[in-house]
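Beneath this line is the structure, given in structure tokens, with notes to follow.
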Amino acid sequence: MSKAKLLLVEDDMALTELLIWHFEREEFNVKHTVDGEEALLLARENPPDLVLLDWMIEGLSGIEVCRRLRRMPDTANVPIIMLTARGEEEDRVRGLETGADDYVTKPFSPRELVARVGAVLRRVRPALAGEPLLHGDIAMDTVSYKVRRDGEVIPLGPTEFRLLKHFLEHPGRVFSRERLLDSVWGHDSDIEPRTVDVHIRRLRKALNKGGKTDIIRTVRSAGYALDAEGAG
């Protein structure tokens with residue numbers, strides 16, 4: 001199982017050290033900052049799987065960071081859990097309306113927070129928990145690295161597997177070639193964007209064997225997407 005990437009935005013250093021210890025013990029990959037502007041930069045450079053965001057931080061407030069994360073294409077769907085001492089109902093509602101997925105009031109149990117984070121990730125990113133990714137008649141087992149369509153095993157190369165996994169985690173979302181290169185091949189890749197087209201064709205050929213419906217949609221001048229409705 002791959003490590004979940006966690007971005008922790010918190011300026012209480014004692015709490016930060018405690019949380020980092022608990023999350024790293026559970027094999028999370030934790031990045032930390034005390035500054036709102038730096039949090040946005042880190043999230044843009046390497047989108048995390050989940051953000052733990054304190055309301056009162058240096059620079060931009062946590063609520064503004066949350067708002068901007070929701071406006072950035074690469075982080076629009078990343079789960080955000082707000083951490084704050086502000087426990088009034090009005091504050092909780094404001095945080096949730098701004099785009100937070102959950103709201104944890106200080107003081108809290110680090111173990112309970114770890115459990116909450118795990119629950120959110122299981123809900124929105126099943127692959128991180130080793131659970132199958134399902135979409136229409138396609139099932140991907142991220143532990144055994146097997147893909148089935150309508151019960152039949154579909155042989156895929158490593159790149160096509162990673163490409164399909166990325167689509168399955170974000171059904172309906174359109175990705176440019178450049179975005180796919182960053183997410184599937186990695187930021188340091190020197191592969192040409194048109195190479196993405198070659199692997200998309202290979203993936204389609206494998207998935208559509210036997211006359212199956214093509215569920216990968218080409219969006220003119222934009223990129224590719226996995227059809228949100230799945231296969232019939």
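Every chain in the structure tokens takes a letter, A first, then B, and so on in the order presented; its residues are numbered from 1, and the ligands are numbered from 1 following the presented order.
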Subject >> Backbone DSSP call of strand (DSSP E or B) for region 21-145 of chain A, listed as a list in words >> reply: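 DSSP on the backbone gives strand (DSSP E or B) at Asn29, Val30, Lys31, His32, Thr33, Asp35, Leu50, Val51, Leu52, Leu53, Asp54, Glu58, Ile80, Ile81, Met82, Leu83, Thr84, Asp102, Tyr103, Val104, Thr105, Leu133, Leu134, His135, Ile138, Ala139, Met140 and Asp141 of chain A.
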Can I get the selection written as a JSON list (two decimals), in the first residue's frame, with N, CA and C atoms?
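Output contents, as saved in result-v8.json:
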[["chain", "number", "residue", "atom", "x", "y", "z"],
["A", 29, "ASN", "N", 3.12, 9.99, 4.96],
["A", 29, "ASN", "CA", 4.20, 10.86, 4.52],
["A", 29, "ASN", "C", 3.77, 12.30, 4.84],
["A", 30, "VAL", "N", 4.37, 12.91, 5.86],
["A", 30, "VAL", "CA", 3.89, 14.20, 6.37],
["A", 30, "VAL", "C", 4.80, 15.34, 5.94],
["A", 31, "LYS", "N", 4.18, 16.37, 5.37],
["A", 31, "LYS", "CA", 4.87, 17.64, 5.13],
["A", 31, "LYS", "C", 4.21, 18.69, 6.02],
["A", 32, "HIS", "N", 5.04, 19.61, 6.56],
["A", 32, "HIS", "CA", 4.52, 20.56, 7.53],
["A", 32, "HIS", "C", 4.94, 21.99, 7.19],
["A", 33, "THR", "N", 4.05, 22.93, 7.46],
["A", 33, "THR", "CA", 4.37, 24.35, 7.38],
["A", 33, "THR", "C", 3.52, 25.10, 8.40],
["A", 35, "ASP", "N", 2.88, 28.38, 7.69],
["A", 35, "ASP", "CA", 2.51, 29.56, 6.92],
["A", 35, "ASP", "C", 1.48, 29.23, 5.84],
["A", 50, "LEU", "N", -4.42, 14.58, 1.63],
["A", 50, "LEU", "CA", -5.31, 15.20, 2.63],
["A", 50, "LEU", "C", -4.56, 16.36, 3.29],
["A", 51, "VAL", "N", -5.33, 17.41, 3.67],
["A", 51, "VAL", "CA", -4.76, 18.57, 4.34],
["A", 51, "VAL", "C", -5.35, 18.69, 5.73],
["A", 52, "LEU", "N", -4.47, 18.79, 6.75],
["A", 52, "LEU", "CA", -4.88, 19.14, 8.10],
["A", 52, "LEU", "C", -4.54, 20.61, 8.28],
["A", 53, "LEU", "N", -5.55, 21.43, 8.50],
["A", 53, "LEU", "CA", -5.38, 22.88, 8.39],
["A", 53, "LEU", "C", -5.88, 23.60, 9.64],
["A", 54, "ASP", "N", -4.95, 24.24, 10.35],
["A", 54, "ASP", "CA", -5.33, 25.04, 11.51],
["A", 54, "ASP", "C", -5.98, 26.33, 11.04],
["A", 58, "GLU", "N", 0.07, 31.60, 10.58],
["A", 58, "GLU", "CA", 0.78, 32.78, 10.11],
["A", 58, "GLU", "C", 0.38, 33.11, 8.67],
["A", 80, "ILE", "N", -10.02, 18.21, 3.18],
["A", 80, "ILE", "CA", -9.46, 19.18, 4.12],
["A", 80, "ILE", "C", -10.15, 19.02, 5.47],
["A", 81, "ILE", "N", -9.35, 18.82, 6.51],
["A", 81, "ILE", "CA", -9.87, 18.78, 7.87],
["A", 81, "ILE", "C", -9.35, 19.99, 8.62],
["A", 82, "MET", "N", -10.26, 20.83, 9.11],
["A", 82, "MET", "CA", -9.87, 22.02, 9.86],
["A", 82, "MET", "C", -9.59, 21.67, 11.31],
["A", 83, "LEU", "N", -8.52, 22.23, 11.86],
["A", 83, "LEU", "CA", -8.17, 22.09, 13.27],
["A", 83, "LEU", "C", -8.28, 23.46, 13.92],
["A", 84, "THR", "N", -9.06, 23.60, 14.97],
["A", 84, "THR", "CA", -9.24, 24.92, 15.55],
["A", 84, "THR", "C", -9.75, 24.87, 16.98],
["A", 102, "ASP", "N", -14.22, 18.15, 7.15],
["A", 102, "ASP", "CA", -14.44, 17.81, 8.55],
["A", 102, "ASP", "C", -13.87, 18.92, 9.39],
["A", 103, "TYR", "N", -14.23, 18.92, 10.69],
["A", 103, "TYR", "CA", -13.91, 20.03, 11.58],
["A", 103, "TYR", "C", -13.61, 19.45, 12.95],
["A", 104, "VAL", "N", -12.36, 19.61, 13.41],
["A", 104, "VAL", "CA", -11.95, 19.04, 14.69],
["A", 104, "VAL", "C", -11.61, 20.17, 15.65],
["A", 105, "THR", "N", -12.28, 20.19, 16.80],
["A", 105, "THR", "CA", -12.08, 21.26, 17.78],
["A", 105, "THR", "C", -11.01, 20.86, 18.79],
["A", 133, "LEU", "N", -10.65, -0.32, -6.38],
["A", 133, "LEU", "CA", -11.23, 0.85, -7.04],
["A", 133, "LEU", "C", -12.27, 0.33, -8.02],
["A", 134, "LEU", "N", -13.49, 0.79, -7.88],
["A", 134, "LEU", "CA", -14.59, 0.30, -8.70],
["A", 134, "LEU", "C", -15.20, 1.43, -9.51],
["A", 135, "HIS", "N", -15.49, 1.13, -10.78],
["A", 135, "HIS", "CA", -16.13, 2.12, -11.64],
["A", 135, "HIS", "C", -16.85, 1.37, -12.75],
["A", 138, "ILE", "N", -15.62, -2.03, -14.17],
["A", 138, "ILE", "CA", -14.18, -2.15, -13.98],
["A", 138, "ILE", "C", -13.85, -2.22, -12.49],
["A", 139, "ALA", "N", -12.98, -3.16, -12.14],
["A", 139, "ALA", "CA", -12.52, -3.30, -10.75],
["A", 139, "ALA", "C", -11.00, -3.40, -10.76],
["A", 140, "MET", "N", -10.35, -2.54, -9.97],
["A", 140, "MET", "CA", -8.89, -2.57, -9.86],
["A", 140, "MET", "C", -8.50, -2.95, -8.45],
["A", 141, "ASP", "N", -7.70, -4.00, -8.33],
["A", 141, "ASP", "CA", -7.15, -4.41, -7.03],
["A", 141, "ASP", "C", -5.75, -3.81, -6.94]]
Original post:
Distance CA of Pro48 (chain A)-CA of Val78 (chain A), one decimal place?
Top reply: 7.2 Å
**OP:** Find the residue from A:Arg220, A:Lys212, A:Arg202, A:Arg177 that sits nearest to Leu164 (chain A); use only C-alpha atoms when measuring.
**Re:** A:Arg202
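Checking A:Pro79, A:Pro171, A:Gly59, A:Gly210 one by one against Gly118 (chain A), counting only C-alpha atoms, you find the shortest gap at A:Pro79.
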**OP:** Report as a PyMOL selection string: the residues of region 54-207 of chain A with a DSSP assignment of helix (DSSP H, G or I), based on the backbone of this structure.
**Re:** chain A and resi 62-71+89-98+110-124+126-129+158-169+177-185+195-207
Original post:
Which residue, A:Phe108, A:Ser183, A:Ala206, A:Thr159, has the smallest gap to Tyr145 (chain A) when you use only C-alpha atoms?
Top reply: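 The answer is A:Thr159, which sits nearest to Tyr145 (chain A).
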Original post:
Given the choices A:Thr98, A:Asn208, A:Thr195, A:Ser176, which gets closest to Gly223 (chain A) if the distance is worked out from only C-alpha atoms?
Top reply: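 Ranking A:Thr98, A:Asn208, A:Thr195, A:Ser176 by distance to Gly223 (chain A), first place goes to A:Ser176.
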Subject >> Residue among A:Asp214, A:Glu169, A:Glu10, A:Asp182 lying closest to Ile57 (chain A), counting only C-alpha atoms >> reply: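 Nearest candidate to Ile57 (chain A) out of A:Asp214, A:Glu169, A:Glu10, A:Asp182: A:Glu10.
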Residues within 10 Å of Ile191 (chain A), please, as a PDB file with C-alpha atoms, in the first residue's frame. Count only C-alpha atoms; anything in the same chain fewer than 6 positions from it doesn't count.
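This is the output file around34.pdb:
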ATOM      1  CA  GLU A 178       0.826  17.885 -18.813  1.00  0.00           C
ATOM      2  CA  LEU A 181       2.598  13.547 -16.917  1.00  0.00           C
ATOM      3  CA  TRP A 185       5.014   9.805 -14.640  1.00  0.00           C
TER       4      TRP A 185
END
Subject >> All residues 10 Å or closer to Glu26 (chain A), only C-alpha atoms, same chain fewer than 4 positions away omitted, as an MDAnalysis selection string >> reply: chainID A and resid 3:4 20:22 114 118
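Take CA of Asp197 (chain A) and CA of Pro155 (chain A): the distance between them is 18.8 Å.
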